[in-house]
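A.B. asks: Quick one: structure below, then a few questions.
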Amino acid sequence: MSMLSIHNPATGEILAILPADDAASVAAKSRLARAAQTAWARVALQERLACVGRFRAGVVRELESLARTMTQETGKPITMSRNELNGLLARIDFFSAETAASIASETVFDDATTQEQIEHVPLGLIANISAWNYPWFVGSNVLIPALLTGNAVLYKPSEFAALTGLAMTRLWHEAGVPKDLLACLIGAADVGSALLEQDLDGVFFTGSHATGQRIAQTLAPRLVKLQLELGGKDPSYVCADADPQTAAAALADGAMYNTGQSCCSVERIYVHEAIHDSFVQAFVETVRSFKLGDPLQDSSYIGAITRAPQLAVLQAQVDDALAKGARLLTGGKRLSGPGNWFEPTVLIEVDHRMALMREESFGPIIGIQRVSDDAEALRLMNDTRYGLTAGVYTPDAARARALLAQIDAGSVYWNCCDRVSPRLPWSGVGDSGVGLTLSRYGIQTFTRPKAWHLRRV
Ligand code: NAD
């Protein structure tokens, strides 16, 4: 049996060694889940909702220890782990309130002879392949609606959040979800590949563009429903009429929250030249106030870099930007000593020749570019292969709407950033992926619409 070592990225120490899945165990779990799905689809929605209620109670009961586990295996500051779990409760409440109406059968035509109805039937057996950066959010965005709508799930948490994945699965089982219906698969890319070999009705993936593309290529011959929630290079523009201090405080948080390891982190900032210097001064002051340190301490704001190889990516982006003329205002390098740490880093005089402004950074580094008007900002914001989110800071609602209407992104923000709401669809365009989670559409996506043509003779 192969084993998976779980490391604490803040210290480098081994937290646990877990038995990993292999091709045979994945196939066995897949067969059991497939067999369990038929009965689960017949369980009344009220009973499935009761399971979700008990799952919620489990999360509330164990919140502090779940937060510690997530912090220890990912390096996420503990206050942010608690925020994620509290945010999960809001998502549970949304899905619990909305599922019945979202999947109720609809009569869309009815006359003397003919009735037409749409029924939402479960997809069947689905795979949930997850990222580590918000393991409770990205895991649950699939698990809650998939289970509520009658599906079986093979859930592969990231190898960097496997303890959290196991805890999540345990809480679902304790809440009454049959063990065979929801199986957790432990392992890395090889286990993910074995999962894709199974007889699946849907694959819901959250992770990097490179892996998403590989999964799409693997599944293409089999025409399995596929959703890919991938990365971003999310821009924000601060207009000439914005308050530079307020925008700087919000955007520093948007760029550095979760140590910059959010799919919707602010990754590029454009500032009108009229307020550029005062914005930059306030931004750097805010970033310097962020405390880097032990993720288990409440006072820490910057935690560890979860995956060690990302340190070299961050350093390469900083070095490339400096070689091409950028100016470093703070940070700029990894910290020596145990664990994976990178200083919060701010660069100005940047441009789109630099990888920093083109490739996903996924860490606490940010470039701020000066622009001379809205048209230039718009052109630069859209100069990307990605399209997850984009924001505009201005007190002028009409100006914001006009700009945001011309931006190709799944979500747009006026005077805010790095924000996700369970009520709104979460999706991307371009290299940020295909498909969506959250909102009523993120419930229906776990069903297929079955068309009923009924003729009274
Ligand atoms: P990753 O692509 O390295 O891994 C994601 C998952 O895929 C893991 O569970 C991994 O084990 C699995 N995997 C890897 N290779 C595989 C293969 N060949 N076949 C099947 N499965 C395989 O990504 P990551 O480092 O875990 O996550 C970071 C990325 O996720 C960032 O790009 C981030 O922007 C993105 N992300 C996007 C969203 C969103 O909602 N759009 C949310 C969170 C994270």
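Here's how to read the names in the structure tokens: chain A, B, ... by the order shown, residue numbers from 1 in each chain, ligand numbers from 1 in the order shown.
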Within 10 Å of Ala100 (chain A), counting only C-alpha atoms, which residues show up once you throw out same-chain ones fewer than 6 positions away? Write them as a list in words, please.
C.D. replies: Leu45, Gln46, Leu49, Leu148, Thr149 and Ile443 of chain A
A.B. asks: Keeping N, CA and C atoms for every residue in the selection just given, could you write it to a file as a compact mmCIF listing (two decimals), in the first residue's frame?
C.D. replies:
```
# COMPACT_ATOMS: atom_id res chain seq x y z
N LEU A 45 -36.34 14.46 -0.50
CA LEU A 45 -35.48 15.63 -0.32
C LEU A 45 -35.43 16.06 1.15
N GLN A 46 -36.55 15.96 1.85
CA GLN A 46 -36.58 16.35 3.26
C GLN A 46 -35.55 15.57 4.07
N LEU A 49 -32.13 16.80 3.18
CA LEU A 49 -31.93 18.10 3.86
C LEU A 49 -31.61 17.89 5.33
N LEU A 148 -27.55 16.79 -2.26
CA LEU A 148 -28.96 17.19 -2.13
C LEU A 148 -29.78 16.83 -3.36
N THR A 149 -29.16 16.85 -4.53
CA THR A 149 -29.91 16.57 -5.76
C THR A 149 -29.88 15.08 -6.13
N ILE A 443 -26.88 24.59 -8.38
CA ILE A 443 -27.65 23.43 -7.89
C ILE A 443 -28.10 22.62 -9.10
```
A.B. asks: Using only C-alpha atoms, determine which residues lie at most 6 Å from Leu123 (chain A), disregarding the query and same-chain residues fewer than 5 positions distant; provide the list as a list in words.
C.D. replies: Asp201, Phe446 and Thr447 of chain A
A.B. asks: For ligand 1, which residue out of A:Gln198, A:Gln444, A:Thr164, A:Thr437 is the nearest one, using only C-alpha atoms and all ligand atoms?
C.D. replies: A:Thr437
A.B. asks: CA of Asn415 (chain A) and CA of Met354 (chain A) are how many Å apart?
C.D. replies: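 Between CA of Asn415 (chain A) and CA of Met354 (chain A) the gap works out to 26.7 Å.
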A.B. asks: Could you check which of A:Pro395, A:Gly331, A:Gly410, A:Gly303 is closest to Asp241 (chain A), using only C-alpha atoms?
C.D. replies: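 Result for the nearest residue to Asp241 (chain A): A:Pro395.
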A.B. asks: Rank A:Ile366, A:Leu438, A:Ala274, A:Ile348 by their smallest atom-to-atom distance to ligand 1, using only C-alpha atoms and all ligand atoms, and report the top residue only.
C.D. replies: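 With only C-alpha atoms and all ligand atoms as the atom set, the closest residue is A:Leu438.
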A.B. asks: Excluding Asp277 (chain A) and residues on its chain fewer than 2 positions from it, collect all residues at most 12 Å away from it, counting only C-alpha atoms, and give them as a ChimeraX atom specification.
C.D. replies: /A:240,244-245,248,271-275,279-284,348-349,368-371
A.B. asks: So how many Å separate CA of Ile186 (chain A) and CA of Leu85 (chain A), to one decimal?
C.D. replies: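 The value is 21.8 Å.
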A.B. asks: Tell me, which residues of region 105-303 of chain A carry DSSP strand (DSSP E), written as a PyMOL selection string?
C.D. replies: chain A and resi 106-110+114-122+125-129+152-156+182-184+202-206+225-229+234-238+266-272
A.B. asks: When you count only C-alpha atoms and all ligand atoms, which of these residues is closest to ligand 1: A:Ser432, A:Gln317, A:Ser102, A:Ser96?
C.D. replies: A:Ser432
A.B. asks: Smallest atom-to-atom distance to ligand 1: which of A:Pro425, A:Pro122, A:Gly212, A:Gly87, using only C-alpha atoms and all ligand atoms?
C.D. replies: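 Result for the nearest residue to ligand 1: A:Gly212.
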A.B. asks: Using only C-alpha atoms and all ligand atoms, pick whichever of A:Asp93, A:Glu64, A:Asp431, A:Asp190 has the shortest atom-to-atom distance to ligand 1.
C.D. replies: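 Counting only C-alpha atoms and all ligand atoms, the residue closest to ligand 1 is A:Asp190.
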A.B. asks: What's the 12 Å shell around Leu388 (chain A), counting only C-alpha atoms, without same-chain residues fewer than 6 positions away, as a ChimeraX atom specification?
C.D. replies: /A:228-236,262-267,360,381-382,407-413,417-420,425-436
A.B. asks: Would you mind listing what lies within 9 Å of region 21-32 of chain A as number ranges by chain, with only C-alpha atoms counted and same-chain residues fewer than 3 positions away left out?
C.D. replies: A: 1-3, 35-37, 125, 153-154, 180-187, 190-191, 193-195, 197-200
A.B. asks: Quick one, how far is CA of Leu196 (chain A) from CA of Trp172 (chain A)?
C.D. replies: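 One can read the CA of Leu196 (chain A) to CA of Trp172 (chain A) distance as 23.1 Å.
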A.B. asks: Any idea what's packed within 7 Å of region 166-171 of chain A, counting only C-alpha atoms, ignoring anything in its chain fewer than 2 positions away? Could you give it as a list in words?
C.D. replies: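 Surrounding residues, per the criterion: Phe55, Gly58, Ala162, Leu163, Thr164, His173, Glu174, Ala175 and Cys184 of chain A.
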A.B. asks: Which of region 131-318 of chain A counts as alpha helix (DSSP H) under DSSP, as a PyMOL selection string please?
C.D. replies: chain A and resi 135-148+162-174+189-196+209-219+244-256+276-289+309-318
A.B. asks: Please provide the set of residues having any atom within 12 Å of Arg399 (chain A), restricted to only C-alpha atoms, with same-chain residues fewer than 5 positions apart removed, written as a PDB file with C-alpha atoms, in the first residue's frame.
C.D. replies:
```pdb
ATOM      1  CA  TYR A 237      -8.746  49.549 -11.489  1.00  0.00           C
ATOM      2  CA  VAL A 238      -8.708  52.579  -9.202  1.00  0.00           C
ATOM      3  CA  CYS A 239     -10.209  55.554 -11.052  1.00  0.00           C
ATOM      4  CA  ALA A 240      -9.047  59.154 -10.667  1.00  0.00           C
ATOM      5  CA  ASP A 241     -12.112  60.025  -8.560  1.00  0.00           C
ATOM      6  CA  ALA A 242     -11.667  57.162  -6.045  1.00  0.00           C
ATOM      7  CA  ASP A 374     -10.151  54.677 -18.318  1.00  0.00           C
ATOM      8  CA  ALA A 375      -9.607  53.417 -21.868  1.00  0.00           C
ATOM      9  CA  LEU A 378      -9.903  48.787 -19.731  1.00  0.00           C
ATOM     10  CA  VAL A 392     -13.397  49.032 -10.417  1.00  0.00           C
ATOM     11  CA  TYR A 393     -13.070  51.594  -7.604  1.00  0.00           C
ATOM     12  CA  THR A 394     -14.930  54.863  -8.146  1.00  0.00           C
ATOM     13  CA  LEU A 404     -17.520  46.613 -15.934  1.00  0.00           C
ATOM     14  CA  ALA A 405     -19.946  45.922 -18.791  1.00  0.00           C
ATOM     15  CA  GLN A 406     -16.951  45.784 -21.139  1.00  0.00           C
ATOM     16  CA  TRP A 414     -17.804  47.779  -7.899  1.00  0.00           C
ATOM     17  CA  ASN A 415     -15.869  49.125  -4.889  1.00  0.00           C
TER      18      ASN A 415
END
```
